[in-house]
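Trainee: Contents of run-v8.pdb (PDB, C-alpha atoms):
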ATOM      1  CA  MET A   1     142.866   2.830 106.448
ATOM      2  CA  TRP A   2     146.567   3.755 106.586
ATOM      3  CA  LEU A   3     146.506   4.542 102.862
ATOM      4  CA  ASN A   4     143.471   6.782 103.284
ATOM      5  CA  LYS A   5     145.198   8.708 106.083
ATOM      6  CA  LYS A   6     148.297   9.108 103.929
ATOM      7  CA  LEU A   7     146.242  10.423 101.015
ATOM      8  CA  ILE A   8     144.480  12.891 103.305
ATOM      9  CA  LEU A   9     147.844  14.098 104.643
ATOM     10  CA  VAL A  10     149.255  14.553 101.134
ATOM     11  CA  PHE A  11     146.122  16.409 100.025
ATOM     12  CA  SER A  12     146.295  18.663 103.098
ATOM     13  CA  LEU A  13     149.921  19.527 102.364
ATOM     14  CA  ILE A  14     149.039  20.378  98.755
ATOM     15  CA  VAL A  15     146.248  22.686  99.923
ATOM     16  CA  ILE A  16     148.546  24.391 102.450
ATOM     17  CA  CYS A  17     151.212  24.911  99.802
ATOM     18  CA  PHE A  18     148.619  26.260  97.372
ATOM     19  CA  LEU A  19     147.261  28.691  99.936
ATOM     20  CA  SER A  20     150.763  29.805 100.863
ATOM     21  CA  ALA A  21     151.555  30.488  97.233
ATOM     22  CA  CYS A  22     148.372  32.498  96.895
ATOM     23  CA  ALA A  23     149.316  34.565  99.941
ATOM     24  CA  GLU A  24     152.768  35.502  98.594
ATOM     25  CA  LYS A  25     153.052  39.108  97.453
ATOM     26  CA  ASP A  26     155.634  41.207  95.646
ATOM     27  CA  LYS A  27     157.588  43.431  98.018
ATOM     28  CA  LEU A  28     158.440  46.838  96.604
ATOM     29  CA  ALA A  29     161.471  49.015  97.335
ATOM     30  CA  ASP A  30     159.560  51.124  99.876
ATOM     31  CA  GLY A  31     158.499  48.013 101.810
ATOM     32  CA  SER A  32     154.892  47.982 100.613
ATOM     33  CA  GLU A  33     153.522  44.686  99.339
ATOM     34  CA  LEU A  34     151.246  44.079  96.353
ATOM     35  CA  ILE A  35     149.691  40.984  94.808
ATOM     36  CA  HIS A  36     151.391  42.050  91.562
ATOM     37  CA  LYS A  37     154.135  44.669  91.736
ATOM     38  CA  ASP A  38     152.785  46.817  88.883
ATOM     39  CA  GLN A  39     149.097  46.635  89.845
ATOM     40  CA  PHE A  40     146.756  47.965  92.498
ATOM     41  CA  VAL A  41     144.066  45.303  92.867
ATOM     42  CA  PHE A  42     141.107  46.873  94.633
ATOM     43  CA  ALA A  43     137.846  45.249  95.643
ATOM     44  CA  ALA A  44     134.324  46.607  95.328
ATOM     45  CA  SER A  45     130.944  44.917  95.265
ATOM     46  CA  GLY A  46     129.233  46.270  92.158
ATOM     47  CA  GLU A  47     126.048  46.220  94.271
ATOM     48  CA  PHE A  48     125.987  49.769  95.570
ATOM     49  CA  LYS A  49     124.947  52.259  92.872
ATOM     50  CA  PRO A  50     126.157  54.991  92.378
ATOM     51  CA  PHE A  51     129.236  53.948  94.385
ATOM     52  CA  SER A  52     129.859  50.759  92.400
ATOM     53  CA  TYR A  53     127.676  49.027  89.833
ATOM     54  CA  MET A  54     127.992  46.531  87.018
ATOM     55  CA  ASN A  55     128.292  47.338  83.321
ATOM     56  CA  ASP A  56     127.148  45.104  80.465
ATOM     57  CA  ASP A  57     130.749  43.980  79.914
ATOM     58  CA  LEU A  58     130.976  42.870  83.591
ATOM     59  CA  THR A  59     133.329  45.701  84.540
ATOM     60  CA  MET A  60     132.346  48.057  87.346
ATOM     61  CA  SER A  61     131.743  51.790  87.316
ATOM     62  CA  GLY A  62     130.862  54.317  89.997
ATOM     63  CA  PHE A  63     132.281  56.754  92.518
ATOM     64  CA  ASP A  64     134.289  54.127  94.432
ATOM     65  CA  ILE A  65     135.640  52.658  91.206
ATOM     66  CA  GLU A  66     136.912  56.002  89.920
ATOM     67  CA  VAL A  67     138.483  56.774  93.303
ATOM     68  CA  GLY A  68     140.238  53.399  93.273
ATOM     69  CA  GLU A  69     141.503  53.993  89.743
ATOM     70  CA  ALA A  70     142.709  57.503  90.625
ATOM     71  CA  ILE A  71     144.611  56.170  93.656
ATOM     72  CA  ALA A  72     146.285  53.504  91.530
ATOM     73  CA  LYS A  73     147.382  56.024  88.910
ATOM     74  CA  GLU A  74     148.649  58.429  91.594
ATOM     75  CA  MET A  75     150.844  55.578  92.894
ATOM     76  CA  GLY A  76     152.065  54.782  89.379
ATOM     77  CA  LEU A  77     150.228  51.458  89.266
ATOM     78  CA  LYS A  78     147.714  49.844  86.935
ATOM     79  CA  PRO A  79     144.222  49.778  88.501
ATOM     80  CA  VAL A  80     142.644  46.315  88.575
ATOM     81  CA  GLN A  81     139.044  45.836  89.714
ATOM     82  CA  LYS A  82     138.129  42.831  91.855
ATOM     83  CA  ARG A  83     134.457  42.151  92.402
ATOM     84  CA  ILE A  84     133.584  40.622  95.781
ATOM     85  CA  LYS A  85     130.176  40.489  97.471
ATOM     86  CA  PHE A  86     130.041  43.270 100.040
ATOM     87  CA  LYS A  87     129.617  40.929 103.006
ATOM     88  CA  GLY A  88     132.876  39.154 102.043
ATOM     89  CA  ILE A  89     135.079  42.111 101.117
ATOM     90  CA  VAL A  90     136.816  42.616 104.483
ATOM     91  CA  GLU A  91     137.672  38.912 104.657
ATOM     92  CA  GLY A  92     138.836  39.057 101.038
ATOM     93  CA  VAL A  93     141.309  41.827 101.847
ATOM     94  CA  LYS A  94     142.508  39.992 104.967
ATOM     95  CA  THR A  95     143.199  36.803 103.014
ATOM     96  CA  GLY A  96     144.984  38.490 100.118
ATOM     97  CA  ARG A  97     142.362  38.360  97.380
ATOM     98  CA  ALA A  98     142.812  42.115  96.877
ATOM     99  CA  ASP A  99     145.393  44.712  97.880
ATOM    100  CA  ALA A 100     142.671  46.973  99.243
ATOM    101  CA  ALA A 101     138.940  47.613  99.196
ATOM    102  CA  VAL A 102     137.528  50.846  97.852
ATOM    103  CA  ALA A 103     133.975  49.941  98.748
ATOM    104  CA  SER A 104     132.387  52.515 101.061
ATOM    105  CA  HIS A 105     133.339  50.892 104.361
ATOM    106  CA  THR A 106     132.446  52.842 107.478
ATOM    107  CA  ILE A 107     135.284  53.173 109.974
ATOM    108  CA  ASN A 108     134.337  51.388 113.199
ATOM    109  CA  SER A 109     136.063  49.626 116.069
ATOM    110  CA  GLN A 110     134.780  46.165 115.122
ATOM    111  CA  ARG A 111     136.328  46.247 111.656
ATOM    112  CA  SER A 112     139.475  47.929 112.976
ATOM    113  CA  GLU A 113     140.264  44.754 114.920
ATOM    114  CA  HIS A 114     140.804  42.940 111.615
ATOM    115  CA  VAL A 115     141.889  45.508 108.994
ATOM    116  CA  SER A 116     143.456  48.939 108.652
ATOM    117  CA  PHE A 117     141.649  52.046 107.431
ATOM    118  CA  THR A 118     142.969  54.995 105.458
ATOM    119  CA  THR A 119     141.962  58.547 106.187
ATOM    120  CA  PRO A 120     138.309  59.100 105.146
ATOM    121  CA  TYR A 121     137.737  59.677 101.449
ATOM    122  CA  TYR A 122     134.114  60.696 101.906
ATOM    123  CA  TYR A 123     131.595  61.382 104.637
ATOM    124  CA  SER A 124     128.196  59.810 104.850
ATOM    125  CA  GLY A 125     125.632  58.728 107.391
ATOM    126  CA  PRO A 126     122.790  56.273 107.968
ATOM    127  CA  GLN A 127     119.328  57.570 107.161
ATOM    128  CA  ILE A 128     115.830  56.152 107.519
ATOM    129  CA  PHE A 129     113.909  55.643 104.273
ATOM    130  CA  THR A 130     110.226  54.721 104.123
ATOM    131  CA  ARG A 131     107.414  54.665 101.612
ATOM    132  CA  PRO A 132     105.876  58.127 101.079
ATOM    133  CA  ASP A 133     102.694  57.336 103.066
ATOM    134  CA  SER A 134     104.567  56.023 106.132
ATOM    135  CA  GLN A 135     104.074  57.475 109.609
ATOM    136  CA  ILE A 136     107.695  56.636 110.501
ATOM    137  CA  LYS A 137     109.711  59.821 110.778
ATOM    138  CA  THR A 138     112.439  59.222 113.387
ATOM    139  CA  VAL A 139     114.206  56.381 115.204
ATOM    140  CA  ASP A 140     111.585  56.692 117.954
ATOM    141  CA  HIS A 141     109.032  55.291 115.498
ATOM    142  CA  LEU A 142     111.046  52.158 114.625
ATOM    143  CA  ALA A 143     110.180  50.090 117.708
ATOM    144  CA  GLY A 144     108.495  46.870 116.566
ATOM    145  CA  LYS A 145     108.872  47.830 112.899
ATOM    146  CA  GLU A 146     110.510  45.681 110.240
ATOM    147  CA  VAL A 147     113.675  47.339 108.954
ATOM    148  CA  ALA A 148     115.700  46.092 105.963
ATOM    149  CA  VAL A 149     119.469  46.568 105.612
ATOM    150  CA  ALA A 150     122.359  45.284 103.484
ATOM    151  CA  LYS A 151     124.295  42.215 104.649
ATOM    152  CA  GLY A 152     127.714  43.017 106.058
ATOM    153  CA  SER A 153     126.956  46.723 106.463
ATOM    154  CA  THR A 154     127.069  48.704 109.693
ATOM    155  CA  TYR A 155     123.399  49.550 109.233
ATOM    156  CA  ALA A 156     122.275  46.275 110.813
ATOM    157  CA  ASP A 157     123.969  47.373 114.028
ATOM    158  CA  THR A 158     122.304  50.768 113.732
ATOM    159  CA  ALA A 159     118.872  49.224 113.163
ATOM    160  CA  SER A 160     119.289  46.801 116.079
ATOM    161  CA  LYS A 161     119.366  49.760 118.477
ATOM    162  CA  TYR A 162     115.753  50.548 117.625
ATOM    163  CA  THR A 163     114.058  47.289 116.571
ATOM    164  CA  ASP A 164     114.552  43.525 116.735
ATOM    165  CA  LYS A 165     112.827  42.945 113.409
ATOM    166  CA  ILE A 166     115.659  43.173 110.891
ATOM    167  CA  LYS A 167     115.724  41.751 107.365
ATOM    168  CA  THR A 168     118.913  41.553 105.327
ATOM    169  CA  TYR A 169     119.563  41.813 101.583
ATOM    170  CA  ASP A 170     122.649  41.356  99.436
ATOM    171  CA  SER A 171     122.747  45.085  98.723
ATOM    172  CA  ASP A 172     121.220  48.389  99.774
ATOM    173  CA  ILE A 173     119.590  48.744  96.368
ATOM    174  CA  THR A 174     117.696  45.449  96.639
ATOM    175  CA  ALA A 175     116.578  46.424 100.152
ATOM    176  CA  LEU A 176     115.288  49.748  98.822
ATOM    177  CA  GLN A 177     113.582  47.986  95.891
ATOM    178  CA  ALA A 178     111.773  45.738  98.352
ATOM    179  CA  LEU A 179     110.674  48.741 100.396
ATOM    180  CA  SER A 180     109.484  50.570  97.280
ATOM    181  CA  SER A 181     107.415  47.558  96.213
ATOM    182  CA  GLY A 182     105.616  47.377  99.565
ATOM    183  CA  ARG A 183     107.755  45.106 101.729
ATOM    184  CA  HIS A 184     109.052  46.003 105.199
ATOM    185  CA  ASP A 185     108.439  49.244 107.073
ATOM    186  CA  ALA A 186     111.729  51.026 106.474
ATOM    187  CA  VAL A 187     115.297  50.752 105.235
ATOM    188  CA  ILE A 188     118.365  52.182 106.907
ATOM    189  CA  THR A 189     121.131  52.934 104.441
ATOM    190  CA  ASP A 190     123.614  55.562 103.352
ATOM    191  CA  PHE A 191     121.795  58.842 102.741
ATOM    192  CA  VAL A 192     123.407  59.323  99.325
ATOM    193  CA  THR A 193     122.350  55.859  98.141
ATOM    194  CA  GLY A 194     118.779  56.392  99.287
ATOM    195  CA  LYS A 195     118.596  59.847  97.742
ATOM    196  CA  ASN A 196     119.810  58.527  94.380
ATOM    197  CA  ALA A 197     117.353  55.623  94.499
ATOM    198  CA  ALA A 198     114.519  58.114  95.054
ATOM    199  CA  LYS A 199     115.734  60.172  92.086
ATOM    200  CA  GLY A 200     115.819  56.960  90.055
ATOM    201  CA  GLY A 201     112.109  56.356  90.558
ATOM    202  CA  PHE A 202     111.918  54.291  93.750
ATOM    203  CA  LYS A 203     108.784  55.056  95.754
ATOM    204  CA  ILE A 204     110.627  55.997  98.925
ATOM    205  CA  LYS A 205     110.958  59.039 101.138
ATOM    206  CA  GLU A 206     113.851  60.423 103.180
ATOM    207  CA  GLN A 207     113.275  60.542 106.922
ATOM    208  CA  GLN A 208     115.650  61.155 109.834
ATOM    209  CA  LEU A 209     119.398  61.311 109.202
ATOM    210  CA  ILE A 210     120.534  59.246 112.170
ATOM    211  CA  ASP A 211     124.242  59.939 112.324
ATOM    212  CA  ARG A 212     127.376  60.952 110.420
ATOM    213  CA  SER A 213     130.040  58.450 109.456
ATOM    214  CA  GLU A 214     133.492  58.375 107.884
ATOM    215  CA  GLN A 215     134.089  56.086 104.915
ATOM    216  CA  ALA A 216     137.581  54.807 104.251
ATOM    217  CA  ILE A 217     139.635  52.388 102.182
ATOM    218  CA  VAL A 218     140.359  49.005 103.761
ATOM    219  CA  LEU A 219     143.830  47.416 103.755
ATOM    220  CA  PRO A 220     145.442  44.448 105.528
ATOM    221  CA  GLN A 221     146.912  45.225 108.941
ATOM    222  CA  ASP A 222     150.248  43.670 108.000
ATOM    223  CA  ASN A 223     150.929  46.104 105.138
ATOM    224  CA  PRO A 224     151.612  49.494 106.831
ATOM    225  CA  LYS A 225     153.827  50.762 104.016
ATOM    226  CA  LEU A 226     151.039  50.336 101.480
ATOM    227  CA  LEU A 227     148.645  52.084 103.885
ATOM    228  CA  LYS A 228     151.067  55.023 103.981
ATOM    229  CA  ARG A 229     151.269  55.098 100.176
ATOM    230  CA  VAL A 230     147.499  55.042  99.740
ATOM    231  CA  ASN A 231     147.064  57.812 102.329
ATOM    232  CA  GLU A 232     149.633  59.934 100.522
ATOM    233  CA  ALA A 233     147.835  59.351  97.217
ATOM    234  CA  LEU A 234     144.501  60.297  98.782
ATOM    235  CA  GLU A 235     145.964  63.517 100.153
ATOM    236  CA  LYS A 236     147.226  64.508  96.695
ATOM    237  CA  LEU A 237     143.827  63.718  95.169
ATOM    238  CA  ARG A 238     142.187  65.980  97.773
ATOM    239  CA  GLU A 239     144.633  68.777  97.123
ATOM    240  CA  ASN A 240     144.390  68.692  93.328
ATOM    241  CA  GLY A 241     140.576  68.512  93.332
ATOM    242  CA  THR A 242     140.256  65.007  91.884
ATOM    243  CA  LEU A 243     138.097  63.686  94.744
ATOM    244  CA  THR A 244     135.821  66.724  94.496
ATOM    245  CA  ARG A 245     135.479  66.311  90.733
ATOM    246  CA  ILE A 246     134.553  62.622  91.000
ATOM    247  CA  SER A 247     132.038  63.353  93.765
ATOM    248  CA  ILE A 248     130.289  66.101  91.815
ATOM    249  CA  LYS A 249     130.152  63.846  88.745
ATOM    250  CA  TYR A 250     128.169  61.179  90.625
ATOM    251  CA  PHE A 251     126.287  63.142  93.288
ATOM    252  CA  GLY A 252     126.101  66.760  92.183
ATOM    253  CA  GLU A 253     127.766  67.758  95.455
ATOM    254  CA  ASP A 254     131.050  67.285  97.263
ATOM    255  CA  ILE A 255     130.724  64.520  99.860
ATOM    256  CA  THR A 256     134.504  64.318 100.281
ATOM    257  CA  ILE A 257     134.594  67.381 102.566
ATOM    258  CA  LYS A 258     134.083  66.762 106.284
ATOM    259  CA  PRO A 259     130.712  68.229 107.318
ATOM    260  CA  GLU A 260     130.594  70.925 109.982
TER     261      GLU A 260
END
Let me see whether you can do it: turn the structure in this file into structure tokens.

Mentor:
Amino acid sequence: MWLNKKLILVFSLIVICFLSACAEKDKLADGSELIHKDQFVFAASGEFKPFSYMNDDLTMSGFDIEVGEAIAKEMGLKPVQKRIKFKGIVEGVKTGRADAAVASHTINSQRSEHVSFTTPYYYSGPQIFTRPDSQIKTVDHLAGKEVAVAKGSTYADTASKYTDKIKTYDSDITALQALSSGRHDAVITDFVTGKNAAKGGFKIKEQQLIDRSEQAIVLPQDNPKLLKRVNEALEKLRENGTLTRISIKYFGEDITIKPE
């Protein structure tokens, strides 16, 4: 029994040391900290086309990916993609698996308790999507209806204001696929994602745009110098037109400008 307890203690110490080593970061001259001093490791899900999606070679492409790469280059760092399931990205940033997340996170008070947000890099909003023959047009029609959303997104909170029948999927795209194939009554997701899914052949229809939201990059709360650097890089990318160019490439419009 004593030997077993000793082995458990030794194992626990090894795990603690391992985790501590994983948490160590390189501190730069300006006080910002990075997992590797010459790299900007940014997380995205690869589940959120056209914001981030997987290629055949297992790399990611998309609007978020190009923004992350542009930020890295503006800071003089090598961009390194880190794929994490959307529902685990915030925790991944908190625990040091990535320097930041460029993954279409909506700024809200709940997340702000755990992580820091940059200034918004694009503006979005939750919208109702239904099948074309649906009688659902507005949030007033959602009572008692089954609404699908992506796990870990803010859209579950939005949907819960109008119905208690909520189904979750790993991504917005799989939720929209389910809706298109005849499951559920509606999906609440980002209006750009839904619009692109409709263009891609999904049998869905845009309904009420519920709200406007600000999307920002997520960083750990204990790395304010890196937050400052990323904000400065974002500002330069706004000023030189890079954000606008990337947005038009993927959406045909500029979603990086704050709507009136």

Trainee: Measuring between all atoms listed in the file, which one of A:Tyr122, A:Tyr162, A:Tyr53, A:Phe117 shows the shortest distance to Lys258 in chain A?

Mentor: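 Among A:Tyr122, A:Tyr162, A:Tyr53, A:Phe117, it is A:Tyr122 that comes nearest to Lys258 in chain A.
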
Trainee: Would you write out, as a ChimeraX atom specification, every residue that the PyMOL selection byres ((chain A and resi 221-238) around 6) captures in this file?

Mentor: /A:31-32,71,74,115-116,118,220,239-243

Trainee: Using CA of Thr138 in chain A and CA of Glu206 in chain A as the two end points, give the distance in Å to one decimal.

Mentor: 10.4 Å

Trainee: For this file, the PyMOL selection byres ((chain A and resi 90) around 10) selects which residues, as a ChimeraX atom specification?

Mentor: /A:43,84-89,91-95,97-98,100-101,103,105,111,114-115,152,218-220

Trainee: Give me the residues near Ala148 in chain A as a list in words, where near means some atom within 9 Å (using only C-alpha atoms) and where sequence neighbours in that chain fewer than 5 positions away do not count.

Mentor: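 Contacts, with the query itself left out: Ala156, Ala159, Lys165, Ile166, Lys167, Thr168, Tyr169, Asp172, Ala175, Leu176, Ala178, Leu179, His184, Asp185, Ala186, Val187, Ile188 and Thr189 of chain A.
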
Trainee: Report as a ChimeraX atom specification the full result of the PyMOL selection byres ((chain A and resi 209) around 9) when it is applied to this structure.

Mentor: /A:125-128,138,191,206-208,210-212

Trainee: Can you pull out the residues contacting Ile173 in chain A? Cut-off 12 Å, using all atoms listed in the file, and skip same-chain residues under 5 positions away; I want them as a PDB file with C-alpha atoms, in the frame of the given file.

Mentor:
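Result file is part-v9.pdb:
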ATOM      1  CA  GLY A  46     129.233  46.270  92.158  1.00  0.00           C
ATOM      2  CA  GLU A  47     126.048  46.220  94.271  1.00  0.00           C
ATOM      3  CA  PHE A  48     125.987  49.769  95.570  1.00  0.00           C
ATOM      4  CA  LYS A  49     124.947  52.259  92.872  1.00  0.00           C
ATOM      5  CA  PRO A  50     126.157  54.991  92.378  1.00  0.00           C
ATOM      6  CA  PHE A  51     129.236  53.948  94.385  1.00  0.00           C
ATOM      7  CA  SER A  52     129.859  50.759  92.400  1.00  0.00           C
ATOM      8  CA  TYR A  53     127.676  49.027  89.833  1.00  0.00           C
ATOM      9  CA  PHE A 129     113.909  55.643 104.273  1.00  0.00           C
ATOM     10  CA  ALA A 148     115.700  46.092 105.963  1.00  0.00           C
ATOM     11  CA  VAL A 149     119.469  46.568 105.612  1.00  0.00           C
ATOM     12  CA  ALA A 150     122.359  45.284 103.484  1.00  0.00           C
ATOM     13  CA  LYS A 151     124.295  42.215 104.649  1.00  0.00           C
ATOM     14  CA  THR A 168     118.913  41.553 105.327  1.00  0.00           C
ATOM     15  CA  ALA A 178     111.773  45.738  98.352  1.00  0.00           C
ATOM     16  CA  LEU A 179     110.674  48.741 100.396  1.00  0.00           C
ATOM     17  CA  SER A 180     109.484  50.570  97.280  1.00  0.00           C
ATOM     18  CA  VAL A 187     115.297  50.752 105.235  1.00  0.00           C
ATOM     19  CA  ILE A 188     118.365  52.182 106.907  1.00  0.00           C
ATOM     20  CA  THR A 189     121.131  52.934 104.441  1.00  0.00           C
ATOM     21  CA  ASP A 190     123.614  55.562 103.352  1.00  0.00           C
ATOM     22  CA  VAL A 192     123.407  59.323  99.325  1.00  0.00           C
ATOM     23  CA  THR A 193     122.350  55.859  98.141  1.00  0.00           C
ATOM     24  CA  GLY A 194     118.779  56.392  99.287  1.00  0.00           C
ATOM     25  CA  LYS A 195     118.596  59.847  97.742  1.00  0.00           C
ATOM     26  CA  ASN A 196     119.810  58.527  94.380  1.00  0.00           C
ATOM     27  CA  ALA A 197     117.353  55.623  94.499  1.00  0.00           C
ATOM     28  CA  ALA A 198     114.519  58.114  95.054  1.00  0.00           C
ATOM     29  CA  GLY A 200     115.819  56.960  90.055  1.00  0.00           C
ATOM     30  CA  PHE A 202     111.918  54.291  93.750  1.00  0.00           C
ATOM     31  CA  ILE A 204     110.627  55.997  98.925  1.00  0.00           C
TER      32      ILE A 204
END

Trainee: In Å to one decimal, how far is CA of Glu146 in chain A from CA of Lys203 in chain A?

Mentor: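 Value for the CA of Lys203 in chain A-CA of Glu146 in chain A distance: 17.3 Å.
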
Trainee: Can you tell me how far CA of Asp38 in chain A sits from CA of Glu113 in chain A, in Å to one decimal?

Mentor: 29.0 Å

Trainee: My structure is short of atoms at range 186-195 of chain A; please model all heavy atoms there, returning them as a PDB file, in the frame of the given file.

Mentor:
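Result file is rebuild14.pdb:
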ATOM      1  N   ALA A 186     110.708  50.003 106.710  1.00  0.00           N
ATOM      2  CA  ALA A 186     111.729  51.026 106.474  1.00  0.00           C
ATOM      3  C   ALA A 186     113.031  50.353 106.051  1.00  0.00           C
ATOM      4  O   ALA A 186     113.196  49.139 106.191  1.00  0.00           O
ATOM      5  CB  ALA A 186     111.966  51.848 107.744  1.00  0.00           C
ATOM      6  N   VAL A 187     113.927  51.165 105.532  1.00  0.00           N
ATOM      7  CA  VAL A 187     115.297  50.752 105.235  1.00  0.00           C
ATOM      8  C   VAL A 187     116.231  51.767 105.874  1.00  0.00           C
ATOM      9  O   VAL A 187     115.955  52.972 105.853  1.00  0.00           O
ATOM     10  CB  VAL A 187     115.561  50.699 103.710  1.00  0.00           C
ATOM     11  CG1 VAL A 187     117.055  50.592 103.414  1.00  0.00           C
ATOM     12  CG2 VAL A 187     114.826  49.534 103.068  1.00  0.00           C
ATOM     13  N   ILE A 188     117.304  51.282 106.461  1.00  0.00           N
ATOM     14  CA  ILE A 188     118.365  52.182 106.907  1.00  0.00           C
ATOM     15  C   ILE A 188     119.560  51.949 105.998  1.00  0.00           C
ATOM     16  O   ILE A 188     120.043  50.822 105.846  1.00  0.00           O
ATOM     17  CB  ILE A 188     118.756  51.932 108.378  1.00  0.00           C
ATOM     18  CG1 ILE A 188     117.586  52.323 109.299  1.00  0.00           C
ATOM     19  CG2 ILE A 188     119.997  52.749 108.751  1.00  0.00           C
ATOM     20  CD1 ILE A 188     117.846  52.069 110.772  1.00  0.00           C
ATOM     21  N   THR A 189     120.000  53.015 105.361  1.00  0.00           N
ATOM     22  CA  THR A 189     121.131  52.934 104.441  1.00  0.00           C
ATOM     23  C   THR A 189     121.813  54.281 104.363  1.00  0.00           C
ATOM     24  O   THR A 189     121.370  55.268 104.956  1.00  0.00           O
ATOM     25  CB  THR A 189     120.673  52.472 103.044  1.00  0.00           C
ATOM     26  OG1 THR A 189     121.832  52.267 102.220  1.00  0.00           O
ATOM     27  CG2 THR A 189     119.782  53.504 102.373  1.00  0.00           C
ATOM     28  N   ASP A 190     122.884  54.333 103.620  1.00  0.00           N
ATOM     29  CA  ASP A 190     123.614  55.562 103.352  1.00  0.00           C
ATOM     30  C   ASP A 190     122.688  56.597 102.718  1.00  0.00           C
ATOM     31  O   ASP A 190     121.931  56.290 101.800  1.00  0.00           O
ATOM     32  CB  ASP A 190     124.770  55.223 102.404  1.00  0.00           C
ATOM     33  CG  ASP A 190     125.493  56.437 101.904  1.00  0.00           C
ATOM     34  OD1 ASP A 190     125.079  56.974 100.859  1.00  0.00           O
ATOM     35  OD2 ASP A 190     126.457  56.844 102.559  1.00  0.00           O
ATOM     36  N   PHE A 191     122.750  57.827 103.217  1.00  0.00           N
ATOM     37  CA  PHE A 191     121.795  58.842 102.741  1.00  0.00           C
ATOM     38  C   PHE A 191     121.961  59.149 101.261  1.00  0.00           C
ATOM     39  O   PHE A 191     120.980  59.452 100.564  1.00  0.00           O
ATOM     40  CB  PHE A 191     121.885  60.120 103.585  1.00  0.00           C
ATOM     41  CG  PHE A 191     123.041  61.032 103.260  1.00  0.00           C
ATOM     42  CD1 PHE A 191     122.911  62.032 102.309  1.00  0.00           C
ATOM     43  CD2 PHE A 191     124.258  60.915 103.919  1.00  0.00           C
ATOM     44  CE1 PHE A 191     123.966  62.885 102.017  1.00  0.00           C
ATOM     45  CE2 PHE A 191     125.313  61.754 103.638  1.00  0.00           C
ATOM     46  CZ  PHE A 191     125.176  62.748 102.677  1.00  0.00           C
ATOM     47  N   VAL A 192     123.191  59.048 100.744  1.00  0.00           N
ATOM     48  CA  VAL A 192     123.407  59.323  99.325  1.00  0.00           C
ATOM     49  C   VAL A 192     122.775  58.234  98.464  1.00  0.00           C
ATOM     50  O   VAL A 192     122.138  58.512  97.446  1.00  0.00           O
ATOM     51  CB  VAL A 192     124.914  59.441  99.022  1.00  0.00           C
ATOM     52  CG1 VAL A 192     125.134  59.687  97.532  1.00  0.00           C
ATOM     53  CG2 VAL A 192     125.538  60.564  99.835  1.00  0.00           C
ATOM     54  N   THR A 193     122.933  56.981  98.885  1.00  0.00           N
ATOM     55  CA  THR A 193     122.350  55.859  98.141  1.00  0.00           C
ATOM     56  C   THR A 193     120.838  55.968  98.092  1.00  0.00           C
ATOM     57  O   THR A 193     120.213  55.792  97.038  1.00  0.00           O
ATOM     58  CB  THR A 193     122.746  54.525  98.803  1.00  0.00           C
ATOM     59  OG1 THR A 193     124.168  54.424  98.821  1.00  0.00           O
ATOM     60  CG2 THR A 193     122.178  53.341  98.033  1.00  0.00           C
ATOM     61  N   GLY A 194     120.234  56.245  99.240  1.00  0.00           N
ATOM     62  CA  GLY A 194     118.779  56.392  99.287  1.00  0.00           C
ATOM     63  C   GLY A 194     118.278  57.550  98.445  1.00  0.00           C
ATOM     64  O   GLY A 194     117.280  57.423  97.722  1.00  0.00           O
ATOM     65  N   LYS A 195     118.988  58.667  98.510  1.00  0.00           N
ATOM     66  CA  LYS A 195     118.596  59.847  97.742  1.00  0.00           C
ATOM     67  C   LYS A 195     118.644  59.553  96.242  1.00  0.00           C
ATOM     68  O   LYS A 195     117.737  59.932  95.491  1.00  0.00           O
ATOM     69  CB  LYS A 195     119.525  61.017  98.077  1.00  0.00           C
ATOM     70  CG  LYS A 195     119.150  62.317  97.379  1.00  0.00           C
ATOM     71  CD  LYS A 195     120.225  63.381  97.571  1.00  0.00           C
ATOM     72  CE  LYS A 195     120.353  63.835  98.989  1.00  0.00           C
ATOM     73  NZ  LYS A 195     121.309  64.970  99.124  1.00  0.00           N
TER      74      LYS A 195
END
